[in-house]
Each structure stands twice: as structure tokens, then as C-alpha cells.
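See structure below.
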Amino acid sequence: MTPNEYLAKLGLSSRQIKVYLDLAAYPESTVVEINKRVLSPRSTIYLELERLINLGFVISKKIGKSTHYKITDPKILQLTLTNEATKLEFLTSHLQSFSQNIQALSISPTPPKTINIYKGPIGIKQLQIIFNQPKPLVWSDIPGFLTNNVEAKTLDETKIKFDRLTLIYHDVLTVCSLKTDSDQYGIEIRDQLLINSYKQIFTFLWDHVAKSLKQ
């Protein structure tokens with residue numbers, strides 16, 4: 001493998017390789033001297049020399065008013081390669097967690113907003129909600145479970161009166177009228193912003209208006 005090919009394998013650009021090999025042939029050179037040989041703009045040479053210094057391939061020293069450059073001992077590259085191998089091993093071992101963290105940052109597309117309207121008793125049944133047929137809440141066979149584990153509050157109907165039943169489940173808001181005739185209706189809405197608003201209203205009523213039921 002030629003020096004040019006080896007340096008390319010190390011990740012150096014063609015310009016960096018040209019400057020490096022020139023310094024290998026002419027150590028202790030200034031930018032003016034390098035410029036005459038490689039025929040590249042001085043600004044480019046300064047930039048590539050700075051990059052080579054940062055990579056550990058070149059060192060510089062001040063002699064009088066001029067800055068002279070030379071390549072480092074190629075054996076020092078072993079330390080650079082060892083560091084790169086350690087870095088590569090570390091990055092490889094953490095690739096999976098990095099991928100998971102990146103995926104967690106992705107913003108899910110906003111789900112479409114939908115509205116479904118159900119009219120009359122037949123329409124309400126499509127919502128799988130049964131009105132005017134109260135059933136006891138049985139959540140456990142343990143005696144007193146509901147009383148001991150479920151908190152309930154009530155509102156003063158003379159001050160606040162509801163003529164609709166509001167339910168929130170998953171990402172759906174359902175509002176149903178409490179009528180039992182043909183004018184009965186139900187609305188099913190998928191809108192996260194609206195759901196959040198209803199939750200805030202409930203929280204306010206629960207914390208500041210509703211009163212606990214006496215046991």
C-alpha cells in the first residue's frame with residue numbers, strides 16, 4: 001500500500017495528503033514554501049495545516065517571525081489509531097441506545113380530528129352506552145371496596161346543572177344528551193386539544209366546586 005493510499009484510508013482528504021507528503025519531503029517548511037510546491041492557495045494551505053495539526057499529523061514551531069511546519073513521527077499515529085479504535089468500540093456499543101433516544105425524539109404526526117354524530121336511541125346504542133338503566137358498580141368482591149377506594153363528589157344542582165353526559169376514554173370525547181326521546185343524540189369527537197380542555201374543566205370543578213359525599 002502506498003503512503004497516499006494509507007493516508008486516504010486514515011480519512012485524509014486529497015488536499016491534506018498533498019500537504020502532508022510535501023512536508024514529509026521538505027520538513028520545516030513555511031506556508032510560502034509549501035505554496036510554491038503544491039500550487040494551492042495559501043488560505044487553503046493554512047486551513048489544511050490547521051486540520052492536520054488538530055488530527056495530530058503535523059506540528060508547527062515559530063522561528064523568528066515565520067512559522068515552520070513538519071510532520072509528526074509516523075509511529076505516533078499508533079496512539080491516534082488506538083484512540084480511534086477505542087472511540088469506535090464505544091460508539092458501536094452505544095449505538096442501540098442512541099438509536100432508541102433518537103426515535104424517542106421523533107414527533108408523532110397529529111392524529112386526524114374526527115366527529116361522529118349519533119341520533120335517537122338506536123344511534124346511542126352504537127356508542128355502547130346504556131341510559132336510564134342504572135346498574136350497581138361492582139369492581140371487586142371485597143366488601144366495602146368501592147367505599148374505601150373510590151372518591152366521589154357532588155355538585156349543587158341549583159348552581160350548576162348538566163343536561164349532557166360527558167365521557168372521555170382513550171383519545172375520544174363523547175357528549176350525549178340525557179333525553180330519552182327521539183331527540184336524543186350523541187357526539188363522538190377525536191380532538192386531543194378539546195379533550196385537554198374538558199379535563200381542565202373537570203379538574204377545576206373537582207378541586208374548587210364539588211363537595212365530597214358523606215359516607
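Note on naming: chains are A, B, ... as they come in the C-alpha cells, residues start from 1 per chain, ligands start from 1 in the order shown.
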
Would you please extract all strand (DSSP E) residues from stretch 16-100 of chain A, as assigned by DSSP on the backbone, and give them as a list in words?
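Filtering stretch 16-100 of chain A to strand (DSSP E) leaves Val58, Ile59, Ser60, Lys61, Lys62, Ile63, Ser66, Thr67, His68, Tyr69, Lys70 and Ile71 of chain A.
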
Save out the residues we just selected, N, CA, C and O atoms, as a tab-separated table (two decimals), in the first residue's frame.
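New file result.tsv:
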chain	number	residue	atom	x	y	z
A	58	VAL	N	0.63	16.81	11.99
A	58	VAL	CA	1.60	17.88	11.73
A	58	VAL	C	1.79	18.69	13.01
A	58	VAL	O	0.86	18.84	13.81
A	59	ILE	N	3.01	19.20	13.20
A	59	ILE	CA	3.29	20.11	14.30
A	59	ILE	C	3.91	21.38	13.72
A	59	ILE	O	4.43	21.37	12.59
A	60	SER	N	3.84	22.46	14.47
A	60	SER	CA	4.41	23.73	14.00
A	60	SER	C	5.27	24.34	15.09
A	60	SER	O	5.09	24.05	16.28
A	61	LYS	N	6.19	25.19	14.68
A	61	LYS	CA	7.00	25.93	15.65
A	61	LYS	C	7.39	27.27	15.04
A	61	LYS	O	7.51	27.41	13.82
A	62	LYS	N	7.57	28.24	15.91
A	62	LYS	CA	7.89	29.60	15.49
A	62	LYS	C	9.40	29.78	15.45
A	62	LYS	O	10.10	29.49	16.43
A	63	ILE	N	9.91	30.21	14.32
A	63	ILE	CA	11.33	30.53	14.17
A	63	ILE	C	11.41	31.97	13.67
A	63	ILE	O	11.11	32.25	12.50
A	66	SER	N	8.60	33.69	11.33
A	66	SER	CA	7.95	32.70	10.47
A	66	SER	C	7.54	31.46	11.26
A	66	SER	O	8.17	31.10	12.25
A	67	THR	N	6.47	30.83	10.78
A	67	THR	CA	6.01	29.57	11.36
A	67	THR	C	6.40	28.43	10.43
A	67	THR	O	6.11	28.47	9.23
A	68	HIS	N	7.07	27.44	11.00
A	68	HIS	CA	7.54	26.30	10.21
A	68	HIS	C	6.74	25.06	10.61
A	68	HIS	O	6.38	24.87	11.77
A	69	TYR	N	6.51	24.21	9.62
A	69	TYR	CA	5.70	23.02	9.83
A	69	TYR	C	6.47	21.77	9.45
A	69	TYR	O	7.31	21.78	8.55
A	70	LYS	N	6.17	20.68	10.16
A	70	LYS	CA	6.72	19.38	9.80
A	70	LYS	C	5.76	18.29	10.27
A	70	LYS	O	4.92	18.53	11.16
A	71	ILE	N	5.91	17.11	9.68
A	71	ILE	CA	5.02	16.02	10.07
A	71	ILE	C	5.50	15.42	11.39
A	71	ILE	O	6.68	15.51	11.75

Using only C-alpha atoms, which protein or nucleic acid residues come within 12 Å of stretch 18-32 of chain A? Drop anything in the same chain fewer than 3 positions from it, and give the result as a CSV table (one decimal) with N, CA and C atoms, in the first residue's frame.
chain,number,residue,atom,x,y,z
A,2,THR,N,0.6,2.2,-0.9
A,2,THR,CA,1.4,3.4,-1.0
A,2,THR,C,1.1,4.3,0.1
A,3,PRO,N,2.0,5.3,0.5
A,3,PRO,CA,1.6,6.3,1.5
A,3,PRO,C,0.4,7.1,1.2
A,4,ASN,N,0.2,7.3,-0.1
A,4,ASN,CA,-1.0,8.1,-0.5
A,4,ASN,C,-2.3,7.3,-0.2
A,5,GLU,N,-2.3,6.0,-0.5
A,5,GLU,CA,-3.4,5.1,-0.2
A,5,GLU,C,-3.6,4.9,1.3
A,6,TYR,N,-2.5,4.8,2.1
A,6,TYR,CA,-2.6,4.6,3.5
A,6,TYR,C,-3.3,5.9,4.2
A,7,LEU,N,-2.8,7.0,3.7
A,7,LEU,CA,-3.3,8.3,4.3
A,7,LEU,C,-4.8,8.4,4.0
A,8,ALA,N,-5.2,8.0,2.8
A,8,ALA,CA,-6.6,8.1,2.4
A,8,ALA,C,-7.4,7.2,3.2
A,12,LEU,N,-7.8,11.1,5.4
A,12,LEU,CA,-7.4,12.4,5.0
A,12,LEU,C,-7.9,12.7,3.6
A,13,SER,N,-8.2,14.0,3.3
A,13,SER,CA,-8.6,14.4,2.0
A,13,SER,C,-7.4,14.5,1.1
A,14,SER,N,-7.7,14.6,-0.2
A,14,SER,CA,-6.7,14.7,-1.2
A,14,SER,C,-5.8,15.9,-1.0
A,15,ARG,N,-6.3,17.1,-0.5
A,15,ARG,CA,-5.5,18.3,-0.3
A,15,ARG,C,-4.7,18.1,1.0
A,35,ASN,N,3.4,26.6,-0.6
A,35,ASN,CA,2.6,27.1,-1.7
A,35,ASN,C,3.3,27.0,-3.1
A,36,LYS,N,4.5,27.3,-3.1
A,36,LYS,CA,5.3,27.2,-4.3
A,36,LYS,C,5.3,25.8,-4.9
A,37,ARG,N,5.3,24.8,-4.0
A,37,ARG,CA,5.4,23.4,-4.5
A,37,ARG,C,4.1,22.7,-4.8
A,38,VAL,N,3.0,23.0,-4.0
A,38,VAL,CA,1.8,22.3,-4.2
A,38,VAL,C,0.8,23.1,-5.0
A,39,LEU,N,1.1,24.4,-5.3
A,39,LEU,CA,0.3,25.2,-6.1
A,39,LEU,C,-1.1,25.3,-5.7
A,40,SER,N,-1.3,25.5,-4.4
A,40,SER,CA,-2.7,25.7,-3.8
A,40,SER,C,-2.7,27.1,-3.2
A,41,PRO,N,-3.9,27.7,-3.1
A,41,PRO,CA,-4.0,29.0,-2.5
A,41,PRO,C,-3.5,28.9,-1.0
A,42,ARG,N,-2.8,30.0,-0.6
A,42,ARG,CA,-2.3,30.0,0.8
A,42,ARG,C,-3.4,29.8,1.8
A,43,SER,N,-4.5,30.4,1.6
A,43,SER,CA,-5.6,30.3,2.5
A,43,SER,C,-6.0,28.8,2.7
A,44,THR,N,-6.0,28.0,1.6
A,44,THR,CA,-6.3,26.6,1.6
A,44,THR,C,-5.2,25.9,2.4
A,45,ILE,N,-4.0,26.2,2.2
A,45,ILE,CA,-2.9,25.5,2.8
A,45,ILE,C,-3.0,25.8,4.3
A,46,TYR,N,-3.2,27.0,4.7
A,46,TYR,CA,-3.4,27.3,6.2
A,46,TYR,C,-4.5,26.5,6.8
A,47,LEU,N,-5.6,26.4,6.1
A,47,LEU,CA,-6.7,25.6,6.6
A,47,LEU,C,-6.4,24.2,6.8
A,48,GLU,N,-5.8,23.6,5.7
A,48,GLU,CA,-5.4,22.2,5.8
A,48,GLU,C,-4.4,21.9,6.8
A,49,LEU,N,-3.4,22.8,7.0
A,49,LEU,CA,-2.4,22.6,8.0
A,49,LEU,C,-3.0,22.6,9.4
A,50,GLU,N,-4.0,23.5,9.6
A,50,GLU,CA,-4.7,23.6,10.9
A,50,GLU,C,-5.4,22.3,11.2
A,51,ARG,N,-6.0,21.7,10.2
A,51,ARG,CA,-6.8,20.5,10.3
A,51,ARG,C,-5.8,19.3,10.6
A,52,LEU,N,-4.7,19.3,9.9
A,52,LEU,CA,-3.7,18.3,10.1
A,52,LEU,C,-3.1,18.3,11.5
A,53,ILE,N,-2.9,19.6,12.0
A,53,ILE,CA,-2.4,19.7,13.4
A,53,ILE,C,-3.4,19.2,14.4
A,55,LEU,N,-5.5,16.9,13.9
A,55,LEU,CA,-5.5,15.4,13.8
A,55,LEU,C,-4.3,14.8,14.3
A,56,GLY,N,-3.2,15.6,14.6
A,56,GLY,CA,-2.0,15.0,15.2
A,56,GLY,C,-1.0,14.6,14.1
A,57,PHE,N,-1.2,15.0,12.8
A,57,PHE,CA,-0.3,14.6,11.8
A,57,PHE,C,0.8,15.6,11.6
A,58,VAL,N,0.6,16.8,12.0
A,58,VAL,CA,1.6,17.9,11.7
A,58,VAL,C,1.8,18.7,13.0
A,59,ILE,N,3.0,19.2,13.2
A,59,ILE,CA,3.3,20.1,14.3
A,59,ILE,C,3.9,21.4,13.7
A,60,SER,N,3.8,22.5,14.5
A,60,SER,CA,4.4,23.7,14.0
A,60,SER,C,5.3,24.3,15.1
A,61,LYS,N,6.2,25.2,14.7
A,61,LYS,CA,7.0,25.9,15.6
A,61,LYS,C,7.4,27.3,15.0
A,62,LYS,N,7.6,28.2,15.9
A,62,LYS,CA,7.9,29.6,15.5
A,62,LYS,C,9.4,29.8,15.5
A,63,ILE,N,9.9,30.2,14.3
A,63,ILE,CA,11.3,30.5,14.2
A,63,ILE,C,11.4,32.0,13.7
A,64,GLY,N,11.8,32.9,14.6
A,64,GLY,CA,11.8,34.3,14.2
A,64,GLY,C,10.4,34.8,14.0
A,65,LYS,N,10.1,35.3,12.8
A,65,LYS,CA,8.8,35.8,12.5
A,65,LYS,C,8.0,34.8,11.7
A,66,SER,N,8.6,33.7,11.3
A,66,SER,CA,8.0,32.7,10.5
A,66,SER,C,7.5,31.5,11.3
A,67,THR,N,6.5,30.8,10.8
A,67,THR,CA,6.0,29.6,11.4
A,67,THR,C,6.4,28.4,10.4
A,68,HIS,N,7.1,27.4,11.0
A,68,HIS,CA,7.5,26.3,10.2
A,68,HIS,C,6.7,25.1,10.6
A,69,TYR,N,6.5,24.2,9.6
A,69,TYR,CA,5.7,23.0,9.8
A,69,TYR,C,6.5,21.8,9.5
A,70,LYS,N,6.2,20.7,10.2
A,70,LYS,CA,6.7,19.4,9.8
A,70,LYS,C,5.8,18.3,10.3
A,71,ILE,N,5.9,17.1,9.7
A,71,ILE,CA,5.0,16.0,10.1
A,71,ILE,C,5.5,15.4,11.4
A,72,THR,N,4.6,14.8,12.1
A,72,THR,CA,5.0,14.1,13.4
A,72,THR,C,5.5,12.8,13.0
A,73,ASP,N,6.2,12.2,13.9
A,73,ASP,CA,6.8,10.8,13.7
A,73,ASP,C,5.6,9.9,13.4
A,74,PRO,N,5.7,9.2,12.3
A,74,PRO,CA,4.6,8.3,11.9
A,74,PRO,C,4.2,7.2,13.0

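Interatomic distance, atom CA of A:Leu81 to atom CA of A:Asn101: 28.8 Å.
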
Could you name the residues that touch stretch 168-173 of chain A at 6 Å or less, counting only C-alpha atoms, but leaving out those on the same chain fewer than 3 positions away, as a PyMOL selection string?
chain A and resi 188-190

Residue with smallest distance to A:Ser212 - pool A:Val175, A:Ile122, A:Ala152, A:Ile187, counting only C-alpha atoms:
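So, comparing all the options, the nearest one is A:Ala152.
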
Residue with smallest distance to A:Leu194 - pool A:Lys125, A:Lys113, A:His208, A:Lys153, counting only C-alpha atoms
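Checking each candidate against A:Leu194, we get A:Lys113 as the closest.
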
Which of these residues is nearest to A:Ile160, using only C-alpha atoms: A:Ile142, A:Asn148, A:Val209, A:Ser106?
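Of A:Ile142, A:Asn148, A:Val209, A:Ser106, the one nearest A:Ile160, counting only C-alpha atoms, is A:Val209.
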
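Relative to atom CA of A:Cys176, atom CA of A:Tyr118 is found at 9.0 Å.
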
Point-to-point distance in Å for atom CA of A:Phe162 and atom CA of A:Thr180
15.2 Å
